[in-house]
$ cat start31.txt   # compact mmCIF, C-alpha atoms
# COMPACT_ATOMS: atom_id res chain seq x y z
CA MET A 1 -11.90 42.57 3.13
CA PRO A 2 -11.55 41.14 -0.38
CA THR A 3 -14.60 39.34 -1.75
CA VAL A 4 -13.97 35.64 -2.38
CA ALA A 5 -15.74 33.67 -5.16
CA ILE A 6 -15.97 29.92 -4.65
CA ILE A 7 -16.21 28.30 -8.08
CA GLY A 8 -18.01 24.98 -7.86
CA GLY A 9 -18.99 26.12 -4.41
CA THR A 10 -22.07 23.94 -3.93
CA GLY A 11 -20.15 20.75 -3.02
CA PRO A 12 -19.30 19.97 0.64
CA GLU A 13 -15.71 21.33 0.44
CA GLY A 14 -16.83 24.53 -1.32
CA ARG A 15 -19.72 25.15 1.06
CA GLY A 16 -17.54 24.38 4.06
CA LEU A 17 -14.83 26.79 2.95
CA GLY A 18 -17.44 29.42 2.09
CA LEU A 19 -18.92 29.14 5.57
CA ARG A 20 -15.56 29.34 7.31
CA LEU A 21 -14.20 32.21 5.18
CA ALA A 22 -17.41 34.19 5.76
CA MET A 23 -17.06 33.49 9.50
CA GLY A 24 -13.52 34.86 9.12
CA GLY A 25 -14.93 38.11 7.71
CA TYR A 26 -14.67 37.66 3.95
CA PRO A 27 -17.70 38.43 1.77
CA VAL A 28 -18.27 35.13 -0.08
CA ILE A 29 -20.01 34.40 -3.39
CA ILE A 30 -20.93 30.73 -3.89
CA GLY A 31 -20.63 30.03 -7.62
CA SER A 32 -22.40 27.27 -9.52
CA ARG A 33 -23.22 26.41 -13.11
CA GLU A 34 -26.76 27.60 -12.36
CA ALA A 35 -27.39 30.80 -10.43
CA SER A 36 -30.28 29.21 -8.53
CA ARG A 37 -28.08 26.43 -7.16
CA GLY A 38 -25.51 28.96 -5.98
CA ALA A 39 -28.28 30.95 -4.29
CA ASP A 40 -29.69 27.79 -2.66
CA ALA A 41 -26.29 26.83 -1.27
CA ALA A 42 -25.80 30.36 0.09
CA ALA A 43 -29.26 30.25 1.70
CA ALA A 44 -28.48 26.89 3.33
CA LEU A 45 -25.26 28.28 4.84
CA LEU A 46 -27.15 31.32 6.15
CA GLU A 47 -29.45 28.93 7.98
CA VAL A 48 -26.40 27.48 9.72
CA ARG A 49 -25.05 30.92 10.64
CA PRO A 50 -27.54 33.77 9.95
CA GLY A 51 -26.17 37.16 9.01
CA LEU A 52 -22.96 36.05 7.32
CA PRO A 53 -21.89 37.87 4.11
CA ILE A 54 -22.70 34.98 1.73
CA THR A 55 -24.49 35.23 -1.62
CA GLY A 56 -24.88 32.94 -4.63
CA ALA A 57 -24.30 33.46 -8.37
CA THR A 58 -23.16 31.69 -11.52
CA ASN A 59 -19.49 30.74 -11.62
CA ALA A 60 -18.87 33.44 -14.25
CA GLU A 61 -20.60 36.18 -12.26
CA ALA A 62 -18.88 35.09 -9.06
CA ALA A 63 -15.43 35.17 -10.70
CA SER A 64 -15.94 38.58 -12.22
CA GLU A 65 -17.43 40.20 -9.10
CA ALA A 66 -14.89 38.78 -6.65
CA ASP A 67 -11.41 40.03 -5.80
CA TRP A 68 -10.10 36.54 -5.13
CA VAL A 69 -11.24 33.28 -6.70
CA LEU A 70 -11.19 29.87 -5.07
CA LEU A 71 -11.63 26.69 -7.13
CA ALA A 72 -13.44 23.86 -5.32
CA LEU A 73 -13.94 21.54 -8.29
CA PRO A 74 -13.29 17.94 -9.25
CA TYR A 75 -10.08 17.81 -11.33
CA ASP A 76 -11.95 16.56 -14.40
CA ALA A 77 -14.15 19.67 -14.41
CA LEU A 78 -11.18 22.03 -14.59
CA ASN A 79 -10.84 22.32 -18.37
CA ASP A 80 -14.53 23.00 -19.02
CA THR A 81 -15.21 25.19 -15.99
CA VAL A 82 -12.01 27.15 -15.45
CA GLY A 83 -10.96 27.90 -19.05
CA PRO A 84 -14.00 30.17 -19.66
CA LEU A 85 -13.16 32.19 -16.52
CA ALA A 86 -9.78 33.36 -17.86
CA SER A 87 -10.75 36.95 -18.54
CA ALA A 88 -12.91 37.32 -15.40
CA ALA A 89 -10.00 36.05 -13.29
CA GLU A 90 -7.28 38.03 -15.06
CA GLY A 91 -4.85 39.60 -12.61
CA LYS A 92 -6.64 38.02 -9.66
CA LEU A 93 -5.51 35.57 -7.01
CA VAL A 94 -6.89 32.12 -7.87
CA VAL A 95 -6.62 29.42 -5.20
CA SER A 96 -6.88 25.80 -6.35
CA VAL A 97 -8.41 23.44 -3.79
CA VAL A 98 -8.34 20.62 -6.34
CA ALA A 99 -6.85 17.16 -5.77
CA PRO A 100 -6.69 14.94 -8.87
CA LEU A 101 -7.87 11.57 -7.57
CA VAL A 102 -9.98 8.65 -8.74
CA ILE A 103 -11.52 5.81 -6.77
CA GLU A 104 -10.37 2.41 -8.03
CA ASP A 105 -10.72 -0.94 -6.24
CA GLY A 106 -11.97 0.80 -3.12
CA ARG A 107 -9.08 3.23 -2.77
CA PHE A 108 -8.21 6.72 -3.92
CA LYS A 109 -5.53 6.72 -6.59
CA PRO A 110 -3.58 9.74 -7.84
CA VAL A 111 -4.20 10.87 -11.41
CA ALA A 112 -1.03 11.87 -13.25
CA LEU A 113 -1.57 15.24 -14.93
CA PRO A 114 0.84 16.36 -17.66
CA GLN A 115 1.34 19.68 -15.86
CA GLY A 116 2.44 17.87 -12.67
CA SER A 117 -0.44 18.98 -10.44
CA ALA A 118 -3.97 20.36 -10.63
CA ALA A 119 -2.65 23.75 -9.52
CA GLU A 120 -0.22 23.85 -12.43
CA LEU A 121 -3.03 22.85 -14.80
CA VAL A 122 -5.05 25.78 -13.42
CA GLN A 123 -2.10 28.12 -14.02
CA ALA A 124 -1.90 26.84 -17.61
CA LEU A 125 -5.64 27.51 -18.09
CA LEU A 126 -5.41 30.96 -16.44
CA PRO A 127 -2.02 32.29 -17.57
CA LYS A 128 -2.83 35.86 -16.48
CA SER A 129 -4.01 34.94 -12.97
CA LEU A 130 -1.88 34.52 -9.83
CA VAL A 131 -2.44 30.88 -8.96
CA THR A 132 -1.82 29.26 -5.57
CA SER A 133 -3.06 26.04 -4.00
CA ALA A 134 -4.35 25.46 -0.47
CA PHE A 135 -7.10 23.95 1.68
CA GLN A 136 -7.13 20.53 -0.03
CA ASN A 137 -6.45 18.64 3.18
CA LEU A 138 -9.27 19.83 5.40
CA SER A 139 -12.27 17.73 6.29
CA ALA A 140 -15.39 19.09 4.54
CA ARG A 141 -17.46 17.56 7.31
CA ASP A 142 -15.61 19.56 9.96
CA LEU A 143 -15.65 22.76 7.91
CA LEU A 144 -19.43 22.54 7.71
CA ARG A 145 -19.87 22.25 11.48
CA PRO A 146 -19.22 25.82 12.60
CA ASP A 147 -18.69 24.97 16.28
CA ARG A 148 -16.17 22.30 15.50
CA VAL A 149 -12.54 23.15 16.31
CA LEU A 150 -10.55 22.70 13.11
CA GLU A 151 -7.30 20.82 13.39
CA GLY A 152 -4.61 20.66 10.83
CA ASP A 153 -2.35 22.85 8.75
CA VAL A 154 -2.93 24.49 5.40
CA ALA A 155 0.08 24.03 3.11
CA VAL A 156 0.15 26.92 0.65
CA CYS A 157 1.97 26.67 -2.68
CA GLY A 158 2.43 29.38 -5.29
CA ASP A 159 5.05 31.03 -7.45
CA ASP A 160 4.04 34.62 -6.69
CA ASP A 161 5.09 35.77 -3.21
CA GLU A 162 2.22 38.23 -2.79
CA ALA A 163 -0.36 35.65 -3.92
CA ARG A 164 1.05 33.09 -1.50
CA LYS A 165 0.94 35.70 1.28
CA HIS A 166 -2.70 36.55 0.55
CA THR A 167 -3.61 32.86 0.55
CA MET A 168 -1.90 32.41 3.91
CA GLU A 169 -3.85 35.42 5.23
CA MET A 170 -7.06 33.74 4.12
CA ALA A 171 -6.13 30.51 5.94
CA ARG A 172 -5.15 32.45 9.06
CA ALA A 173 -8.55 34.19 9.06
CA VAL A 174 -10.22 30.81 9.57
CA LYS A 175 -10.23 30.12 13.29
CA ASP A 176 -7.80 27.39 14.45
CA LEU A 177 -6.08 26.92 11.08
CA ARG A 178 -2.36 27.45 10.59
CA PRO A 179 -1.02 28.30 7.13
CA VAL A 180 2.35 26.79 6.20
CA ASP A 181 4.37 28.27 3.35
CA ALA A 182 5.02 25.26 1.11
CA GLY A 183 6.98 27.04 -1.62
CA PRO A 184 6.47 27.05 -5.39
CA LEU A 185 3.39 25.84 -7.23
CA ALA A 186 5.30 22.74 -8.35
CA ASN A 187 5.19 21.54 -4.73
CA SER A 188 1.41 21.37 -5.00
CA ARG A 189 1.68 17.87 -6.41
CA TYR A 190 2.80 16.73 -2.95
CA VAL A 191 -0.02 18.50 -1.15
CA GLU A 192 -2.64 17.24 -3.60
CA ASP A 193 -1.34 13.69 -3.19
CA LEU A 194 -1.59 14.06 0.56
CA THR A 195 -5.34 14.43 0.11
CA GLY A 196 -5.37 10.95 -1.39
CA LEU A 197 -3.50 9.54 1.59
CA LEU A 198 -5.89 11.21 4.03
CA LEU A 199 -8.97 9.95 2.18
CA ASN A 200 -7.54 6.43 2.20
CA LEU A 201 -6.80 6.73 5.93
CA ASN A 202 -10.43 7.80 6.43
CA ARG A 203 -11.61 4.62 4.76
CA ILE A 204 -9.34 2.43 6.88
CA HIS A 205 -9.94 4.19 10.20
CA LYS A 206 -13.50 5.48 9.67
CA GLY A 207 -12.16 8.93 10.55
CA HIS A 208 -11.86 12.35 9.01
CA ALA A 209 -8.12 12.76 8.84
CA THR A 210 -6.17 15.93 8.47
CA VAL A 211 -2.50 16.65 8.87
CA ARG A 212 -0.19 18.75 11.03
CA PHE A 213 3.41 19.51 10.22
CA LEU A 214 5.73 19.32 13.22
CA GLY A 215 9.31 20.52 13.54
CA ILE A 216 8.91 23.67 11.45
CA MET B 1 12.85 -10.01 19.93
CA PRO B 2 13.43 -10.45 16.19
CA THR B 3 16.81 -9.33 14.88
CA VAL B 4 16.58 -6.43 12.42
CA ALA B 5 19.05 -5.92 9.56
CA ILE B 6 19.38 -2.38 8.25
CA ILE B 7 20.51 -2.58 4.63
CA GLY B 8 22.41 0.55 3.65
CA GLY B 9 22.48 1.25 7.34
CA THR B 10 25.49 3.58 7.42
CA GLY B 11 23.60 6.70 6.23
CA PRO B 12 21.96 9.07 8.73
CA GLU B 13 18.45 7.55 8.37
CA GLY B 14 19.77 3.98 8.68
CA ARG B 15 21.96 4.76 11.67
CA GLY B 16 19.18 6.74 13.32
CA LEU B 17 16.67 3.92 12.90
CA GLY B 18 19.26 1.36 14.05
CA LEU B 19 19.89 3.36 17.21
CA ARG B 20 16.20 3.80 17.99
CA LEU B 21 15.23 0.20 17.25
CA ALA B 22 18.08 -1.06 19.43
CA MET B 23 16.91 1.32 22.18
CA GLY B 24 13.48 -0.29 21.70
CA GLY B 25 14.99 -3.71 22.38
CA TYR B 26 15.63 -5.14 18.91
CA PRO B 27 19.05 -6.66 18.16
CA VAL B 28 20.24 -4.62 15.14
CA ILE B 29 22.75 -5.44 12.40
CA ILE B 30 23.97 -2.43 10.44
CA GLY B 31 24.59 -3.60 6.88
CA SER B 32 26.91 -1.98 4.36
CA ARG B 33 28.62 -2.88 1.10
CA GLU B 34 31.81 -3.34 3.13
CA ALA B 35 31.78 -5.19 6.44
CA SER B 36 34.24 -2.70 7.95
CA ARG B 37 31.94 0.24 7.27
CA GLY B 38 29.02 -1.58 8.89
CA ALA B 39 31.20 -2.33 11.92
CA ASP B 40 32.37 1.30 12.12
CA ALA B 41 28.77 2.60 12.03
CA ALA B 42 27.80 0.12 14.76
CA ALA B 43 30.77 1.21 16.90
CA ALA B 44 29.83 4.88 16.48
CA LEU B 45 26.28 4.16 17.67
CA LEU B 46 27.62 2.26 20.67
CA GLU B 47 29.56 5.37 21.63
CA VAL B 48 26.27 7.28 21.70
CA ARG B 49 24.55 4.60 23.80
CA PRO B 50 26.95 1.94 25.16
CA GLY B 51 25.64 -1.57 25.67
CA LEU B 52 22.99 -1.60 22.94
CA PRO B 53 22.60 -4.80 20.84
CA ILE B 54 24.12 -3.34 17.65
CA THR B 55 26.63 -5.04 15.34
CA GLY B 56 27.84 -4.45 11.78
CA ALA B 57 28.15 -6.72 8.74
CA THR B 58 27.89 -6.76 4.96
CA ASN B 59 24.42 -6.21 3.56
CA ALA B 60 24.27 -9.86 2.48
CA GLU B 61 25.31 -11.21 5.88
CA ALA B 62 22.95 -8.85 7.66
CA ALA B 63 19.98 -9.91 5.51
CA SER B 64 20.64 -13.59 5.96
CA GLU B 65 21.25 -13.42 9.74
CA ALA B 66 18.29 -11.18 10.54
CA ASP B 67 14.63 -12.07 11.03
CA TRP B 68 13.40 -8.78 9.62
CA VAL B 69 15.09 -6.60 6.99
CA LEU B 70 14.85 -2.84 6.74
CA LEU B 71 15.95 -1.01 3.58
CA ALA B 72 17.44 2.45 4.18
CA LEU B 73 18.77 3.08 0.68
CA PRO B 74 18.57 5.74 -2.01
CA TYR B 75 15.98 4.67 -4.58
CA ASP B 76 18.58 4.41 -7.35
CA ALA B 77 20.53 1.83 -5.35
CA LEU B 78 17.56 -0.53 -5.06
CA ASN B 79 18.09 -2.60 -8.20
CA ASP B 80 21.79 -3.26 -7.56
CA THR B 81 21.61 -3.71 -3.79
CA VAL B 82 18.27 -5.38 -3.15
CA GLY B 83 18.05 -7.80 -6.09
CA PRO B 84 21.01 -9.91 -4.81
CA LEU B 85 19.33 -10.23 -1.38
CA ALA B 86 16.30 -12.09 -2.74
CA SER B 87 17.19 -15.51 -1.38
CA ALA B 88 18.53 -14.19 1.97
CA ALA B 89 15.27 -12.26 2.46
CA GLU B 90 12.94 -15.01 1.28
CA GLY B 91 9.90 -15.36 3.53
CA LYS B 92 11.03 -12.45 5.70
CA LEU B 93 9.45 -9.13 6.51
CA VAL B 94 11.19 -6.42 4.44
CA VAL B 95 10.46 -2.80 5.34
CA SER B 96 11.21 -0.16 2.70
CA VAL B 97 12.24 3.23 4.10
CA VAL B 98 12.94 4.47 0.58
CA ALA B 99 11.56 7.68 -0.95
CA PRO B 100 12.29 8.13 -4.68
CA LEU B 101 13.31 11.79 -4.93
CA VAL B 102 15.82 13.90 -6.83
CA ILE B 103 17.01 17.43 -6.15
CA GLU B 104 16.39 19.74 -9.11
CA ASP B 105 16.53 23.55 -9.12
CA GLY B 106 16.89 23.60 -5.35
CA ARG B 107 13.87 21.46 -4.57
CA PHE B 108 13.10 17.80 -4.08
CA LYS B 109 11.10 16.35 -6.96
CA PRO B 110 9.32 12.98 -7.02
CA VAL B 111 10.70 10.32 -9.35
CA ALA B 112 7.99 8.37 -11.19
CA LEU B 113 8.71 4.65 -10.88
CA PRO B 114 6.95 2.21 -13.22
CA GLN B 115 5.85 0.13 -10.20
CA GLY B 116 4.15 3.17 -8.63
CA SER B 117 6.33 3.45 -5.54
CA ALA B 118 9.72 2.38 -4.21
CA ALA B 119 7.99 -0.14 -1.96
CA GLU B 120 6.31 -1.78 -4.94
CA LEU B 121 9.65 -1.86 -6.76
CA VAL B 122 11.10 -3.64 -3.72
CA GLN B 123 8.25 -6.15 -3.79
CA ALA B 124 8.99 -6.77 -7.50
CA LEU B 125 12.67 -7.35 -6.69
CA LEU B 126 11.85 -9.60 -3.71
CA PRO B 127 8.76 -11.50 -4.83
CA LYS B 128 9.08 -14.05 -2.00
CA SER B 129 9.44 -11.50 0.80
CA LEU B 130 6.65 -9.77 2.76
CA VAL B 131 7.21 -6.14 1.89
CA THR B 132 5.92 -3.14 3.84
CA SER B 133 6.94 0.51 3.91
CA ALA B 134 7.38 2.79 6.92
CA PHE B 135 9.64 5.33 8.67
CA GLN B 136 10.28 7.50 5.58
CA ASN B 137 8.98 10.64 7.22
CA LEU B 138 11.11 10.83 10.34
CA SER B 139 13.94 13.28 10.79
CA ALA B 140 17.30 11.46 10.70
CA ARG B 141 18.74 14.25 12.79
CA ASP B 142 16.20 13.65 15.56
CA LEU B 143 16.54 9.88 15.36
CA LEU B 144 20.27 10.22 15.97
CA ARG B 145 19.81 12.29 19.14
CA PRO B 146 18.72 9.66 21.64
CA ASP B 147 17.39 12.13 24.21
CA ARG B 148 15.28 13.95 21.68
CA VAL B 149 11.52 13.37 21.92
CA LEU B 150 10.37 12.09 18.53
CA GLU B 151 7.26 13.69 17.10
CA GLY B 152 5.26 12.42 14.23
CA ASP B 153 3.45 9.39 12.99
CA VAL B 154 4.69 6.36 11.09
CA ALA B 155 2.35 5.49 8.22
CA VAL B 156 2.68 1.76 7.52
CA CYS B 157 1.70 0.28 4.14
CA GLY B 158 1.72 -3.36 3.11
CA ASP B 159 -0.42 -6.01 1.47
CA ASP B 160 0.17 -8.74 4.08
CA ASP B 161 -1.74 -8.15 7.32
CA GLU B 162 0.80 -9.91 9.52
CA ALA B 163 3.71 -8.04 7.95
CA ARG B 164 1.94 -4.73 8.44
CA LYS B 165 1.23 -5.66 12.06
CA HIS B 166 4.89 -6.53 12.71
CA THR B 167 5.98 -3.24 11.16
CA MET B 168 3.56 -1.35 13.37
CA GLU B 169 4.97 -3.23 16.39
CA MET B 170 8.44 -2.09 15.40
CA ALA B 171 7.30 1.54 15.17
CA ARG B 172 5.51 1.29 18.52
CA ALA B 173 8.70 -0.03 20.15
CA VAL B 174 10.40 3.26 19.35
CA LYS B 175 9.58 5.66 22.16
CA ASP B 176 7.11 8.45 21.27
CA LEU B 177 6.26 7.16 17.78
CA ARG B 178 2.74 6.23 16.76
CA PRO B 179 2.19 3.74 13.93
CA VAL B 180 -0.75 4.41 11.62
CA ASP B 181 -2.14 1.61 9.45
CA ALA B 182 -2.06 3.15 5.96
CA GLY B 183 -3.41 0.17 4.04
CA PRO B 184 -2.03 -1.62 0.98
CA LEU B 185 1.45 -1.24 -0.45
CA ALA B 186 0.06 0.81 -3.33
CA ASN B 187 -0.63 3.60 -0.80
CA SER B 188 3.12 3.84 -0.23
CA ARG B 189 3.39 6.23 -3.17
CA TYR B 190 1.58 8.81 -1.04
CA VAL B 191 3.78 8.28 1.98
CA GLU B 192 6.98 8.39 -0.08
CA ASP B 193 5.83 11.61 -1.73
CA LEU B 194 5.16 13.09 1.67
CA THR B 195 8.90 12.79 2.35
CA GLY B 196 9.48 15.14 -0.58
CA LEU B 197 7.05 17.67 0.82
CA LEU B 198 8.69 17.52 4.26
CA LEU B 199 12.19 17.93 2.81
CA ASN B 200 11.01 20.94 0.80
CA LEU B 201 9.40 22.41 3.93
CA ASN B 202 12.74 21.93 5.71
CA ARG B 203 14.48 23.99 3.04
CA ILE B 204 11.91 26.79 3.26
CA HIS B 205 11.59 26.87 7.06
CA LYS B 206 15.08 25.69 8.09
CA GLY B 207 13.38 23.01 10.15
CA HIS B 208 13.26 19.25 10.41
CA ALA B 209 9.63 18.60 9.58
CA THR B 210 7.63 15.52 10.34
CA VAL B 211 3.94 14.86 10.17
CA ARG B 212 1.06 13.93 12.45
CA PHE B 213 -2.29 12.64 11.28
CA LEU B 214 -5.23 14.11 13.18
CA GLY B 215 -8.84 12.99 13.21
CA ILE B 216 -8.15 9.26 13.01

$ encode --input "start31.txt" --output "structure tokens"
Amino acid sequence: MPTVAIIGGTGPEGRGLGLRLAMGGYPVIIGSREASRGADAAAALLEVRPGLPITGATNAEAASEADWVLLALPYDALNDTVGPLASAAEGKLVVSVVAPLVIEDGRFKPVALPQGSAAELVQALLPKSLVTSAFQNLSARDLLRPDRVLEGDVAVCGDDDEARKHTMEMARAVKDLRPVDAGPLANSRYVEDLTGLLLNLNRIHKGHATVRFLGI
Amino acid sequence: MPTVAIIGGTGPEGRGLGLRLAMGGYPVIIGSREASRGADAAAALLEVRPGLPITGATNAEAASEADWVLLALPYDALNDTVGPLASAAEGKLVVSVVAPLVIEDGRFKPVALPQGSAAELVQALLPKSLVTSAFQNLSARDLLRPDRVLEGDVAVCGDDDEARKHTMEMARAVKDLRPVDAGPLANSRYVEDLTGLLLNLNRIHKGHATVRFLGI
């Protein structure tokens, strides 16, 4: 199985995806700005599920050791954190889990990025990587509870067919999830926006919303 | 039951919603630029389900006779068609079913509106109406087949609590649909964008996608 680096992997979404991908059989490296924080996050996940193939490292080490790279970062950290990974991630699949949102007046608002979406910004920062986007619309809380049945679909966007296929494989390896081919990277704007809708629904309904596509 | 006018009601989405709302017990007036086209669309729906409370009229007549007004228009027809209805729709619930999208290079792209969403544009055009948005994400094809079980949720946005409640009532009256309170009108941007994602998924998967929210 390909090794997956999770850049910015110490937040709830990154840890949750790391846990679930490791449960799906992928060796996972939790990346952080500091190696010790990556190692701590890995150790905490191993307490949840001992024996899983999870380690910690700096973001740079994680990106260069891994076969595939997953970005679980706030959108405003992309320039500083992802730009320096360009050579480590060259030729590799890079999956953006980023949704560009801000909280204003008690609700999540979309942030307009000149590239159209966070995934397209990532592709601009990593021109020699194969960028896709996925996993933005899952509940971190549910991901982190390993016995919890996951509901919801994973819309996968990307311009490279092979990269999109690998990303769908990754989603399929997580129990209960269904990948949905959502076409080119430019469609990522829609999927990233959907995260904002779900987070706003969570505030209104005190839930942890996710989404399923019917009729396809 | 309140009478519902469907402005621009001769298109597939408008006719489909007219049929389903009439099946749910609402008297429906199908509005069109020309009275004869509204009457023809009403007659065609009565052939599908004889005896339903459906009539046709001009958009202006429909808006002034109805209690509630539903806008099933392309976004670029809003200024010309909705502006003139301001006095007929004064004080009334107005539901926008509009998603601002264009087809470019074989895919649906979102159109950035200065107001943020089509629903907010409608509110700007009809400052004395109670504007909500809903029903954008249903398949017109399924709406028009009266024996077809509808899947999917209806996200309802609006700033006025009563107006949002009435819109949710309307959605609940359509068999199989579930209304979901999606908060203020500014959230409509997310729901309108979702239409673009679903239409793009339809192109990729040759389906007729709709969406269900889980976990709330």

$ residues_near_point --input "start31.txt" --point "(9.9, -10.7, -5.1)" --cutoff "10 Å" --atoms "only C-alpha atoms" --output "ChimeraX atom specification"
/B:83,86-87,89-91,120-131

$ closest_atom_pairs --input "start31.txt" --of "chain A" --to "chain B" --cutoff "10 Å" --atoms "only C-alpha atoms" --output "CSV"
residue,atom,partner,partner_atom,distance
A:Arg107,CA,B:Asn187,CA,8.7
A:Phe108,CA,B:Asn187,CA,8.8
A:Lys109,CA,B:Asn187,CA,8.2
A:Pro110,CA,B:Tyr190,CA,8.6
A:Ala112,CA,B:Ala112,CA,9.9
A:Ser139,CA,B:Gly215,CA,9.1
A:Asp142,CA,B:Gly215,CA,10.0
A:Leu150,CA,B:Gly215,CA,9.9
A:Glu151,CA,B:Leu214,CA,7.0
A:Gly152,CA,B:Leu214,CA,7.0
A:Ala155,CA,B:Leu201,CA,9.5
A:Val180,CA,B:Leu201,CA,8.6
A:Asp181,CA,B:Ile204,CA,7.7
A:Ala182,CA,B:Leu201,CA,5.9
A:Gly183,CA,B:Ile204,CA,6.9
A:Pro184,CA,B:Arg107,CA,9.3
A:Ala186,CA,B:Lys109,CA,8.7
A:Asn187,CA,B:Leu197,CA,7.0
A:Ser188,CA,B:Leu197,CA,8.9
A:Arg189,CA,B:Asp193,CA,8.8
A:Tyr190,CA,B:Leu197,CA,5.8
A:Val191,CA,B:Leu197,CA,7.4
A:Glu192,CA,B:Tyr190,CA,9.8
A:Asp193,CA,B:Tyr190,CA,6.1
A:Leu194,CA,B:Tyr190,CA,6.3
A:Thr195,CA,B:Tyr190,CA,9.0
A:Gly196,CA,B:Tyr190,CA,7.3
A:Leu197,CA,B:Tyr190,CA,5.8
A:Leu198,CA,B:Phe213,CA,8.2
A:Asn200,CA,B:Ala182,CA,7.4
A:Leu201,CA,B:Ala182,CA,5.9
A:Asn202,CA,B:Ile216,CA,7.1
A:Arg203,CA,B:Gly183,CA,9.4
A:Ile204,CA,B:Gly183,CA,7.0
A:His205,CA,B:Ile216,CA,6.1
A:Lys206,CA,B:Ile216,CA,7.4
A:Gly207,CA,B:Ile216,CA,4.7
A:His208,CA,B:Gly215,CA,5.2
A:Ala209,CA,B:Gly215,CA,4.4
A:Thr210,CA,B:Leu214,CA,5.1
A:Val211,CA,B:Phe213,CA,4.7
A:Arg212,CA,B:Arg212,CA,5.2
A:Phe213,CA,B:Val211,CA,4.7
A:Leu214,CA,B:Thr210,CA,5.1
A:Gly215,CA,B:Ala209,CA,4.4
A:Ile216,CA,B:Gly207,CA,4.7

$ axis_aligned_box --input "start31.txt" --around "stretch 47-64 of chain B" --padding-each-side "8 Å" --output "AutoDock Vina command-line options"
--center_x 24.8 --center_y -3.2 --center_z 14.1 --size_x 25.6 --size_y 36.9 --size_z 39.2

$ atom_distance --input "start31.txt" --atom1 "atom CA of B:Val82" --atom2 "atom CA of B:Ala39"
20.1 Å

$ atom_distance --input "start31.txt" --atom1 "atom CA of A:Met168" --atom2 "atom CA of A:Val156"
6.7 Å

$ atom_distance --input "start31.txt" --atom1 "atom CA of B:Gly18" --atom2 "atom CA of B:Leu71"
11.2 Å

$ residues_near_point --input "start31.txt" --point "(15.5, 2.6, 17.8)" --cutoff "9 Å" --atoms "all atoms listed in the file" --output "short mmCIF file (atom, residue, chain, number, x, y, z; two decimals) with C-alpha atoms, in the coordinates of the input"
data_model
loop_
_atom_site.label_atom_id
_atom_site.label_comp_id
_atom_site.auth_asym_id
_atom_site.auth_seq_id
_atom_site.Cartn_x
_atom_site.Cartn_y
_atom_site.Cartn_z
CA GLY B 16 19.18 6.74 13.32
CA LEU B 17 16.67 3.92 12.90
CA GLY B 18 19.26 1.36 14.05
CA LEU B 19 19.89 3.36 17.21
CA ARG B 20 16.20 3.80 17.99
CA LEU B 21 15.23 0.20 17.25
CA ALA B 22 18.08 -1.06 19.43
CA MET B 23 16.91 1.32 22.18
CA GLY B 24 13.48 -0.29 21.70
CA GLY B 25 14.99 -3.71 22.38
CA TYR B 26 15.63 -5.14 18.91
CA LEU B 143 16.54 9.88 15.36
CA PRO B 146 18.72 9.66 21.64
CA MET B 170 8.44 -2.09 15.40
CA ALA B 171 7.30 1.54 15.17
CA ALA B 173 8.70 -0.03 20.15
CA VAL B 174 10.40 3.26 19.35
CA LYS B 175 9.58 5.66 22.16
#

$ closest_residue --input "start31.txt" --among "A:Leu177, A:Leu73, A:Ala60, A:Val48" --to "A:Ile29" --atoms "only C-alpha atoms"
A:Ala60

$ closest_residue --input "start31.txt" --among "B:Asp153, B:Ala57, B:Arg33, B:Arg15" --to "B:Arg172" --atoms "only C-alpha atoms"
B:Asp153
